>>> print(open('entry.csv').read())   # CSV, C-alpha atoms and all ligand atoms
chain,number,residue,atom,x,y,z
A,1,SER,CA,-20.0,12.5,20.3
A,2,VAL,CA,-21.3,9.0,19.5
A,3,HIS,CA,-19.2,6.8,17.2
A,4,THR,CA,-19.7,3.3,16.1
A,5,ARG,CA,-16.8,0.9,16.5
A,6,ASP,CA,-16.0,1.1,12.8
A,7,GLN,CA,-15.8,4.9,12.8
A,8,VAL,CA,-13.4,5.0,15.7
A,9,GLU,CA,-11.0,2.8,13.8
A,10,LEU,CA,-11.0,4.8,10.5
A,11,PRO,CA,-7.8,6.6,9.7
A,12,PRO,CA,-7.7,9.7,12.0
A,13,PRO,CA,-8.0,13.1,10.2
A,14,ALA,CA,-5.0,14.4,12.1
A,15,ILE,CA,-1.6,12.9,13.0
A,16,ASP,CA,-1.7,10.9,16.3
A,17,ASN,CA,0.4,12.6,19.0
A,18,ARG,CA,2.0,9.3,20.0
A,19,LEU,CA,3.6,9.2,16.6
A,20,THR,CA,5.3,12.6,16.8
A,21,VAL,CA,7.2,11.6,20.0
A,22,HIS,CA,8.5,8.3,18.5
A,23,PRO,CA,12.1,8.0,17.2
A,24,LEU,CA,10.8,7.0,13.7
A,25,TRP,CA,8.7,10.2,13.4
A,26,PRO,CA,11.1,12.3,11.4
A,27,GLU,CA,11.7,9.5,8.9
A,28,ILE,CA,8.0,8.6,8.7
A,29,ASP,CA,7.0,12.2,8.1
A,30,ARG,CA,9.7,12.9,5.5
A,31,ILE,CA,9.2,9.7,3.4
A,32,SER,CA,5.4,9.9,3.6
A,33,THR,CA,5.4,13.5,2.4
A,34,GLU,CA,7.8,12.7,-0.5
A,35,GLN,CA,5.9,9.6,-1.5
A,36,ILE,CA,2.4,11.3,-1.5
A,37,GLN,CA,3.7,14.1,-3.6
A,38,ALA,CA,5.4,11.7,-6.1
A,39,ALA,CA,2.2,9.6,-6.2
A,40,PHE,CA,0.1,12.5,-7.5
A,41,GLU,CA,2.6,13.5,-10.2
A,42,GLY,CA,1.5,12.2,-13.6
A,43,VAL,CA,3.3,9.7,-15.8
A,44,GLY,CA,2.1,11.2,-19.1
A,45,GLY,CA,4.8,13.7,-19.9
A,46,GLU,CA,7.6,11.9,-18.1
A,47,ILE,CA,10.2,9.8,-19.9
A,48,GLY,CA,10.9,6.3,-19.1
A,49,TRP,CA,7.5,5.1,-17.8
A,50,GLN,CA,6.2,2.2,-19.9
A,51,LEU,CA,2.6,1.1,-19.8
A,52,PHE,CA,2.4,-2.7,-19.1
A,53,ALA,CA,-1.2,-3.3,-18.0
A,54,GLU,CA,-4.5,-1.6,-18.8
A,55,GLU,CA,-8.0,-2.7,-17.8
A,56,GLY,CA,-11.0,-0.4,-17.5
A,57,ASP,CA,-9.8,2.6,-15.6
A,58,MET,CA,-6.7,0.9,-14.4
A,59,ARG,CA,-3.3,1.7,-15.9
A,60,MET,CA,0.1,0.3,-14.7
A,61,TYR,CA,3.5,1.7,-15.6
A,62,ARG,CA,7.0,0.6,-14.8
A,63,ARG,CA,10.5,1.9,-15.3
A,64,GLU,CA,13.2,-0.8,-15.9
A,65,MET,CA,15.9,-0.3,-13.3
A,66,GLU,CA,18.6,-2.5,-11.9
A,67,VAL,CA,20.7,-2.0,-8.8
A,68,ASP,CA,23.8,-4.2,-8.4
A,69,GLY,CA,22.4,-6.6,-11.0
A,70,MET,CA,19.0,-6.9,-9.2
A,71,VAL,CA,15.7,-5.8,-10.8
A,72,THR,CA,14.2,-2.9,-8.8
A,73,ASP,CA,11.7,-1.6,-11.4
A,74,PRO,CA,9.6,1.2,-9.9
A,75,LEU,CA,5.9,0.7,-10.5
A,76,LYS,CA,3.2,3.3,-10.7
A,77,ALA,CA,-0.5,2.5,-11.1
A,78,MET,CA,-3.5,4.7,-11.5
A,79,HIS,CA,-7.1,3.6,-11.0
A,80,LYS,CA,-10.6,5.1,-10.5
A,81,VAL,CA,-13.2,3.5,-8.3
A,82,ARG,CA,-16.8,4.6,-7.8
A,83,GLY,CA,-18.8,4.2,-4.5
A,84,VAL,CA,-16.0,4.3,-1.9
A,85,THR,CA,-14.0,7.1,-0.3
A,86,ALA,CA,-10.3,7.7,-0.1
A,87,ARG,CA,-10.5,7.3,3.7
A,88,GLU,CA,-12.2,3.9,3.3
A,89,MET,CA,-9.7,2.7,0.8
A,90,CYS,CA,-6.8,3.6,3.1
A,91,HIS,CA,-8.6,2.1,6.1
A,92,TYR,CA,-8.7,-1.4,4.5
A,93,PHE,CA,-5.2,-1.1,3.1
A,94,PHE,CA,-3.7,0.0,6.5
A,95,ASN,CA,-5.7,-2.1,9.0
A,96,PRO,CA,-4.1,-5.6,9.5
A,97,ARG,CA,-7.4,-7.2,10.4
A,98,TYR,CA,-8.4,-7.3,6.7
A,99,ARG,CA,-5.0,-8.1,5.1
A,100,TYR,CA,-5.3,-11.8,4.6
A,101,GLU,CA,-8.6,-11.2,2.9
A,102,TRP,CA,-7.1,-9.3,0.0
A,103,GLU,CA,-3.3,-9.9,0.0
A,104,THR,CA,-2.6,-13.0,-1.9
A,105,THR,CA,1.3,-13.0,-1.7
A,106,LEU,CA,1.3,-13.3,2.1
A,107,GLU,CA,2.4,-16.3,4.0
A,108,THR,CA,2.6,-14.7,7.5
A,109,MET,CA,2.1,-11.3,9.0
A,110,THR,CA,3.2,-10.1,12.5
A,111,ILE,CA,2.6,-6.8,14.2
A,112,VAL,CA,6.0,-5.9,15.5
A,113,GLU,CA,5.1,-2.5,17.1
A,114,GLU,CA,2.0,-0.4,17.5
A,115,ILE,CA,3.4,3.1,17.4
A,116,ALA,CA,0.1,4.9,17.3
A,117,SER,CA,-3.4,4.6,15.9
A,118,ASP,CA,-2.0,5.7,12.5
A,119,SER,CA,1.4,3.9,12.5
A,120,LEU,CA,2.4,0.2,12.8
A,121,VAL,CA,5.5,-1.9,12.2
A,122,PHE,CA,5.0,-5.2,10.4
A,123,HIS,CA,7.0,-8.3,9.7
A,124,GLN,CA,5.7,-10.3,6.7
A,125,THR,CA,6.8,-13.4,4.9
A,126,PHE,CA,5.8,-14.0,1.3
A,127,LYS,CA,5.1,-17.0,-0.8
A,128,ARG,CA,8.2,-18.3,-2.4
A,129,ILE,CA,8.9,-17.6,-6.1
A,130,TRP,CA,10.6,-20.6,-7.6
A,131,PRO,CA,13.6,-20.8,-8.1
A,132,ALA,CA,14.5,-17.9,-5.7
A,133,SER,CA,14.7,-18.1,-1.9
A,134,GLN,CA,11.7,-17.1,0.2
A,135,ARG,CA,11.5,-13.4,1.1
A,136,ASP,CA,10.5,-11.5,4.2
A,137,ALA,CA,10.1,-7.8,4.9
A,138,LEU,CA,10.0,-5.5,8.0
A,139,PHE,CA,8.4,-2.1,7.4
A,140,TRP,CA,6.6,0.7,9.1
A,141,SER,CA,3.1,1.6,7.8
A,142,HIS,CA,1.6,5.0,8.2
A,143,VAL,CA,-1.8,6.4,7.2
A,144,ARG,CA,-2.6,10.1,7.1
A,145,GLN,CA,-5.0,12.7,5.7
A,146,ALA,CA,-2.9,14.5,3.1
A,147,SER,CA,-5.4,17.2,2.2
A,148,GLU,CA,-9.2,17.6,1.8
A,149,ASN,CA,-10.8,14.3,0.7
A,150,THR,CA,-7.3,12.9,0.3
A,151,TYR,CA,-5.8,10.0,2.4
A,152,ALA,CA,-2.6,8.0,1.9
A,153,VAL,CA,-0.8,5.0,3.3
A,154,THR,CA,3.0,4.8,3.1
A,155,ASN,CA,4.9,1.6,3.8
A,156,HIS,CA,8.7,1.7,4.1
A,157,SER,CA,11.4,-0.8,5.2
A,158,THR,CA,13.0,-0.4,8.6
A,159,THR,CA,15.1,-2.5,11.0
A,160,ASN,CA,14.4,-4.1,14.4
A,161,ALA,CA,16.9,-6.0,16.6
A,162,ASP,CA,14.3,-8.7,17.3
A,163,TYR,CA,13.8,-9.3,13.6
A,164,PRO,CA,17.3,-9.6,12.1
A,165,ALA,CA,17.6,-9.9,8.3
A,166,ASN,CA,18.9,-13.0,6.5
A,167,ASN,CA,19.3,-15.2,9.6
A,168,GLY,CA,16.9,-18.0,8.6
A,169,ALA,CA,15.3,-19.3,5.5
A,170,CYS,CA,14.3,-15.9,4.2
A,171,ILE,CA,16.2,-13.2,2.4
A,172,ARG,CA,15.1,-9.7,3.5
A,173,LEU,CA,13.6,-7.6,0.7
A,174,PHE,CA,13.2,-3.8,0.8
A,175,VAL,CA,10.0,-2.0,0.0
A,176,THR,CA,8.7,1.5,-0.4
A,177,VAL,CA,4.9,1.6,-1.2
A,178,CYS,CA,2.4,4.4,-1.3
A,179,LEU,CA,-1.3,4.2,-1.8
A,180,ALA,CA,-2.6,7.7,-2.3
A,181,CYS,CA,-6.4,8.3,-2.8
A,182,HIS,CA,-8.5,11.4,-3.6
A,183,THR,CA,-12.3,11.5,-3.6
A,184,THR,CA,-14.4,13.8,-5.8
A,185,TYR,CA,-18.1,14.4,-6.1
A,186,PRO,CA,-20.2,17.0,-8.0
A,187,ALA,CA,-19.9,20.6,-6.6
A,188,GLY,CA,-22.8,21.5,-4.3
A,189,GLU,CA,-23.9,17.9,-3.8
A,190,THR,CA,-23.7,15.8,-0.6
A,191,PRO,CA,-21.4,12.8,-1.1
A,192,THR,CA,-23.2,9.5,-1.4
A,193,ARG,CA,-22.2,6.0,-2.6
A,194,ASP,CA,-23.8,7.0,-5.9
A,195,ASN,CA,-21.9,10.2,-6.7
A,196,ILE,CA,-18.4,9.7,-5.4
A,197,THR,CA,-15.3,8.7,-7.3
A,198,THR,CA,-11.9,7.9,-5.8
A,199,SER,CA,-8.8,8.3,-7.9
A,200,ILE,CA,-6.0,6.0,-6.8
A,201,ALA,CA,-2.3,6.2,-7.3
A,202,TYR,CA,-0.3,3.2,-6.1
A,203,CYS,CA,3.5,3.4,-6.3
A,204,SER,CA,5.8,0.6,-5.3
A,205,THR,CA,9.6,-0.1,-5.4
A,206,VAL,CA,10.8,-3.5,-4.3
A,207,ASN,CA,14.5,-4.4,-4.0
A,208,PRO,CA,14.6,-8.2,-3.8
A,209,GLY,CA,17.6,-8.0,-1.4
A,210,GLY,CA,19.5,-10.8,-3.1
A,211,TRP,CA,19.7,-12.8,-6.2
A,212,ALA,CA,16.5,-13.5,-8.1
A,213,PRO,CA,16.3,-14.2,-11.9
A,214,ALA,CA,15.3,-11.0,-13.7
A,215,GLY,CA,13.0,-12.7,-16.2
A,216,VAL,CA,11.0,-14.6,-13.5
A,217,LEU,CA,10.8,-11.5,-11.3
A,218,ARG,CA,9.4,-9.3,-14.1
A,219,ALA,CA,6.9,-12.0,-15.2
A,220,VAL,CA,5.7,-12.4,-11.6
A,221,TYR,CA,5.1,-8.7,-10.9
A,222,LYS,CA,3.4,-8.2,-14.3
A,223,ARG,CA,0.9,-10.8,-13.2
A,224,GLU,CA,0.7,-9.9,-9.5
A,225,TYR,CA,0.4,-6.1,-9.4
A,226,PRO,CA,-2.7,-6.0,-11.6
A,227,LYS,CA,-4.2,-8.9,-9.7
A,228,PHE,CA,-3.5,-7.1,-6.4
A,229,LEU,CA,-5.1,-3.8,-7.4
A,230,LYS,CA,-8.2,-5.3,-9.0
A,231,ARG,CA,-8.7,-7.7,-6.0
A,232,PHE,CA,-8.1,-5.0,-3.4
A,233,THR,CA,-10.3,-2.4,-4.9
A,234,SER,CA,-13.2,-4.8,-5.5
A,235,TYR,CA,-12.8,-6.0,-1.9
A,236,VAL,CA,-13.2,-2.5,-0.6
A,237,VAL,CA,-16.2,-1.8,-2.7
A,238,GLU,CA,-17.8,-5.1,-1.4
A,239,GLN,CA,-17.0,-4.2,2.2
A,240,CYS,CA,-18.4,-0.7,2.0
A,241,ARG,CA,-21.6,-1.6,0.0
A,242,ASP,CA,-24.1,-1.5,2.9
A,243,LYS,CA,-22.1,0.7,5.4
A,244,PRO,CA,-22.6,4.4,5.9
A,245,ILE,CA,-20.2,6.5,3.9
A,246,ALA,CA,-17.0,7.7,5.7
A,247,ILE,CA,-15.7,10.8,4.1
A,301,LIG,O1,1.3,-3.2,-1.2
A,301,LIG,C1,0.9,-4.3,-1.1
A,301,LIG,N1,0.8,-4.9,0.1
A,301,LIG,C2,1.2,-4.3,1.3
A,301,LIG,C3,0.7,-5.1,2.5
A,301,LIG,O2,1.1,-6.4,2.4
A,301,LIG,C4,2.6,-4.0,1.5
A,301,LIG,C5,3.5,-5.1,1.0
A,301,LIG,C6,4.6,-4.9,0.3
A,301,LIG,C7,5.4,-6.1,-0.1
A,301,LIG,C8,5.6,-6.1,-1.5
A,301,LIG,C9,6.6,-7.2,-1.9
A,301,LIG,C10,5.9,-8.4,-2.3
A,301,LIG,C11,6.9,-9.5,-2.6
A,301,LIG,C12,6.2,-10.7,-2.9
A,301,LIG,C13,7.1,-11.8,-3.3
A,301,LIG,C14,6.3,-13.1,-3.4
A,301,LIG,C15,5.2,-13.0,-4.5
A,301,LIG,C16,4.5,-14.3,-4.6
A,301,LIG,C17,3.7,-14.4,-5.8
A,301,LIG,C18,2.7,-15.5,-5.8
A,301,LIG,C19,3.3,-16.8,-6.2
A,301,LIG,O3,2.9,-2.8,0.9
A,301,LIG,C20,0.5,-5.1,-2.3
A,301,LIG,C21,1.7,-5.8,-2.9
A,301,LIG,C22,1.4,-6.5,-4.2
A,301,LIG,C23,2.7,-7.2,-4.5
A,301,LIG,C24,2.7,-7.7,-6.0
A,301,LIG,C25,3.9,-8.6,-6.2
A,301,LIG,C26,5.2,-7.8,-6.5
A,301,LIG,C27,6.3,-8.7,-6.8
A,301,LIG,C28,7.6,-7.8,-6.8
A,301,LIG,C29,8.8,-8.6,-6.9
A,301,LIG,C30,9.3,-9.3,-5.6
A,301,LIG,C31,10.7,-9.7,-5.6
A,301,LIG,C32,10.8,-11.0,-4.8
A,301,LIG,C33,12.1,-11.7,-5.1
A,301,LIG,C34,12.0,-13.2,-5.2
>>> encode(input="entry.csv", output="structure tokens")
Amino acid sequence: SVHTRDQVELPPPAIDNRLTVHPLWPEIDRISTEQIQAAFEGVGGEIGWQLFAEEGDMRMYRREMEVDGMVTDPLKAMHKVRGVTAREMCHYFFNPRYRYEWETTLETMTIVEEIASDSLVFHQTFKRIWPASQRDALFWSHVRQASENTYAVTNHSTTNADYPANNGACIRLFVTVCLACHTTYPAGETPTRDNITTSIAYCSTVNPGGWAPAGVLRAVYKREYPKFLKRFTSYVVEQCRDKPIAI
């Protein structure tokens, strides 16, 4: 069949065979499955989730948590976006080509390994937060179709001998992130930009990996997470505006 360049690069509807023979496959599959399931669980009835940001359809919750004196507050955000699909959302979040256009905390990004069309390993350095040391991260990133009209990207820290932790200016942080998206449209209708809505669940846990002042860290994430989710979702809406819909 005929595909445009863009369609070929969209997240594949099935797991890429090259991933299933890679040593990271069991971990990638297990953590992605767990994260996607947790992302779609509500926050309403659960204890401990505190709302800290709300704007339009966006709600952000956190749970205060410390590990060895370091703030590791889990974050959970919910949002609803009209006019773009779950697959499109995940395409722009996963594909490194677009990352500098929406990710404002980045200093550098390197692709360490291309495991398969749906799985990459990244090394990233982030802007320094005064007065803490600069941070870097090394993580795999995997995009998959989770069920009908549902796609998700999971990012999780890993190791690589060519990228040792804490041997230069940066302290290595540890991250587990999941962006899970589900698209709906009225029963019996054909999906178009005018009748689709995508529900987004974004979950993130960052362990700073070394000392960072708790007050500064909480102030930074309270500002940066809402900024990220608003900027990223409006970026995707803008990118998709005049393109054919990819369900
Ligand atoms: O999920 C996001 N981005 C993905 C693609 O890049 C990927 C990234 C995960 C890394 C998340 C850790 C970011 C740490 C940034 C530290 C520097 C912030 C600089 C602020 C500007 C002055 O999954 C979107 C990620 C949105 C991140 C929001 C910021 C969260 C801060 C959390 C606390 C970091 C502790 C750092 C200790 C000094």
>>> residues_around(input="entry.csv", residues="Glu66 in chain A", least_positions_apart="4", cutoff="12 Å", atoms="all atoms listed in the file", output="JSON, numbers by chain")
{"A": [70, 71, 72, 73, 74, 205, 206, 207, 208, 209, 211, 212, 213, 214, 217, 218]}
>>> closest_residue(input="entry.csv", among="A:Ser119, A:Thr105, A:Thr159, A:Gln35", to="His22 in chain A", atoms="all atoms listed in the file")
A:Ser119
>>> residues_near_point(input="entry.csv", point="(-10.8, 8.8, 3.6)", cutoff="12 Å", atoms="all atoms listed in the file", output="number ranges by chain")
A: 7, 9-14, 84-94, 143-153, 179-184, 196-200, 245-247
>>> residues_around(input="entry.csv", residues="range 131-140 of chain A", least_positions_apart="3", cutoff="8 Å", atoms="only C-alpha atoms", output="compact mmCIF listing (two decimals) with C-alpha atoms, in the coordinates of the input")
# COMPACT_ATOMS: atom_id res chain seq x y z
CA SER A 119 1.40 3.90 12.50
CA LEU A 120 2.40 0.20 12.80
CA VAL A 121 5.50 -1.90 12.20
CA PHE A 122 5.00 -5.20 10.40
CA HIS A 123 7.00 -8.30 9.70
CA GLN A 124 5.70 -10.30 6.70
CA THR A 125 6.80 -13.40 4.90
CA PHE A 126 5.80 -14.00 1.30
CA LYS A 127 5.10 -17.00 -0.80
CA ARG A 128 8.20 -18.30 -2.40
CA ASN A 155 4.90 1.60 3.80
CA HIS A 156 8.70 1.70 4.10
CA SER A 157 11.40 -0.80 5.20
CA THR A 158 13.00 -0.40 8.60
CA THR A 159 15.10 -2.50 11.00
CA ASN A 160 14.40 -4.10 14.40
CA TYR A 163 13.80 -9.30 13.60
CA ALA A 169 15.30 -19.30 5.50
CA CYS A 170 14.30 -15.90 4.20
CA ILE A 171 16.20 -13.20 2.40
CA ARG A 172 15.10 -9.70 3.50
CA LEU A 173 13.60 -7.60 0.70
CA PHE A 174 13.20 -3.80 0.80
CA VAL A 175 10.00 -2.00 0.00
CA PRO A 208 14.60 -8.20 -3.80
CA TRP A 211 19.70 -12.80 -6.20
CA ALA A 212 16.50 -13.50 -8.10
CA PRO A 213 16.30 -14.20 -11.90
>>> atom_distance(input="entry.csv", atom1="CA of His142 in chain A", atom2="CA of Thr20 in chain A")
12.1 Å
>>> atom_distance(input="entry.csv", atom1="CA of Ala187 in chain A", atom2="CA of Pro244 in chain A")
20.6 Å
>>> atom_distance(input="entry.csv", atom1="CA of Ser141 in chain A", atom2="CA of Tyr235 in chain A")
20.1 Å
>>> closest_residue(input="entry.csv", among="A:Ile129, A:Met58, A:Ala77, A:Val237", to="ligand LIG 301 (chain A)", atoms="only C-alpha atoms and all ligand atoms")
A:Ile129
>>> closest_residue(input="entry.csv", among="A:Gly210, A:Pro164, A:Thr176, A:Glu54", to="Ile28 in chain A", atoms="only C-alpha atoms")
A:Thr176
>>> residues_around(input="entry.csv", residues="range 47-53 of chain A", least_positions_apart="5", cutoff="10 Å", atoms="all atoms listed in the file", output="PyMOL selection string")
chain A and resi 58-64+74-77+222-223+225-226
>>> write_last_selection(input="entry.csv", atoms="C-alpha atoms", output="short mmCIF file (atom, residue, chain, number, x, y, z; two decimals), in the frame of the given file")
data_model
loop_
_atom_site.label_atom_id
_atom_site.label_comp_id
_atom_site.auth_asym_id
_atom_site.auth_seq_id
_atom_site.Cartn_x
_atom_site.Cartn_y
_atom_site.Cartn_z
CA MET A 58 -6.70 0.90 -14.40
CA ARG A 59 -3.30 1.70 -15.90
CA MET A 60 0.10 0.30 -14.70
CA TYR A 61 3.50 1.70 -15.60
CA ARG A 62 7.00 0.60 -14.80
CA ARG A 63 10.50 1.90 -15.30
CA GLU A 64 13.20 -0.80 -15.90
CA PRO A 74 9.60 1.20 -9.90
CA LEU A 75 5.90 0.70 -10.50
CA LYS A 76 3.20 3.30 -10.70
CA ALA A 77 -0.50 2.50 -11.10
CA LYS A 222 3.40 -8.20 -14.30
CA ARG A 223 0.90 -10.80 -13.20
CA TYR A 225 0.40 -6.10 -9.40
CA PRO A 226 -2.70 -6.00 -11.60
#
>>> residues_near_point(input="entry.csv", point="(4.1, 10.5, -3.4)", cutoff="9 Å", atoms="all atoms listed in the file", output="list in words")
Ile31, Ser32, Thr33, Glu34, Gln35, Ile36, Gln37, Ala38, Ala39, Phe40, Glu41, Ala152, Thr154, Cys178, Leu179, Ala180, Ala201, Tyr202 and Cys203 of chain A
>>> closest_residue(input="entry.csv", among="A:Glu114, A:Glu224, A:Glu27, A:Glu189", to="ligand LIG 301 (chain A)", atoms="all atoms listed in the file")
A:Glu224
>>> axis_aligned_box(input="entry.csv", around="ligand LIG 301 (chain A)", padding_each_side="5 Å", output="AutoDock Vina command-line options")
--center_x 6.3 --center_y -9.8 --center_z -2.2 --size_x 21.6 --size_y 24.0 --size_z 19.4
>>> closest_residue(input="entry.csv", among="A:Arg97, A:Asp16, A:Lys230, A:Asp194", to="Met109 in chain A", atoms="all atoms listed in the file")
A:Arg97
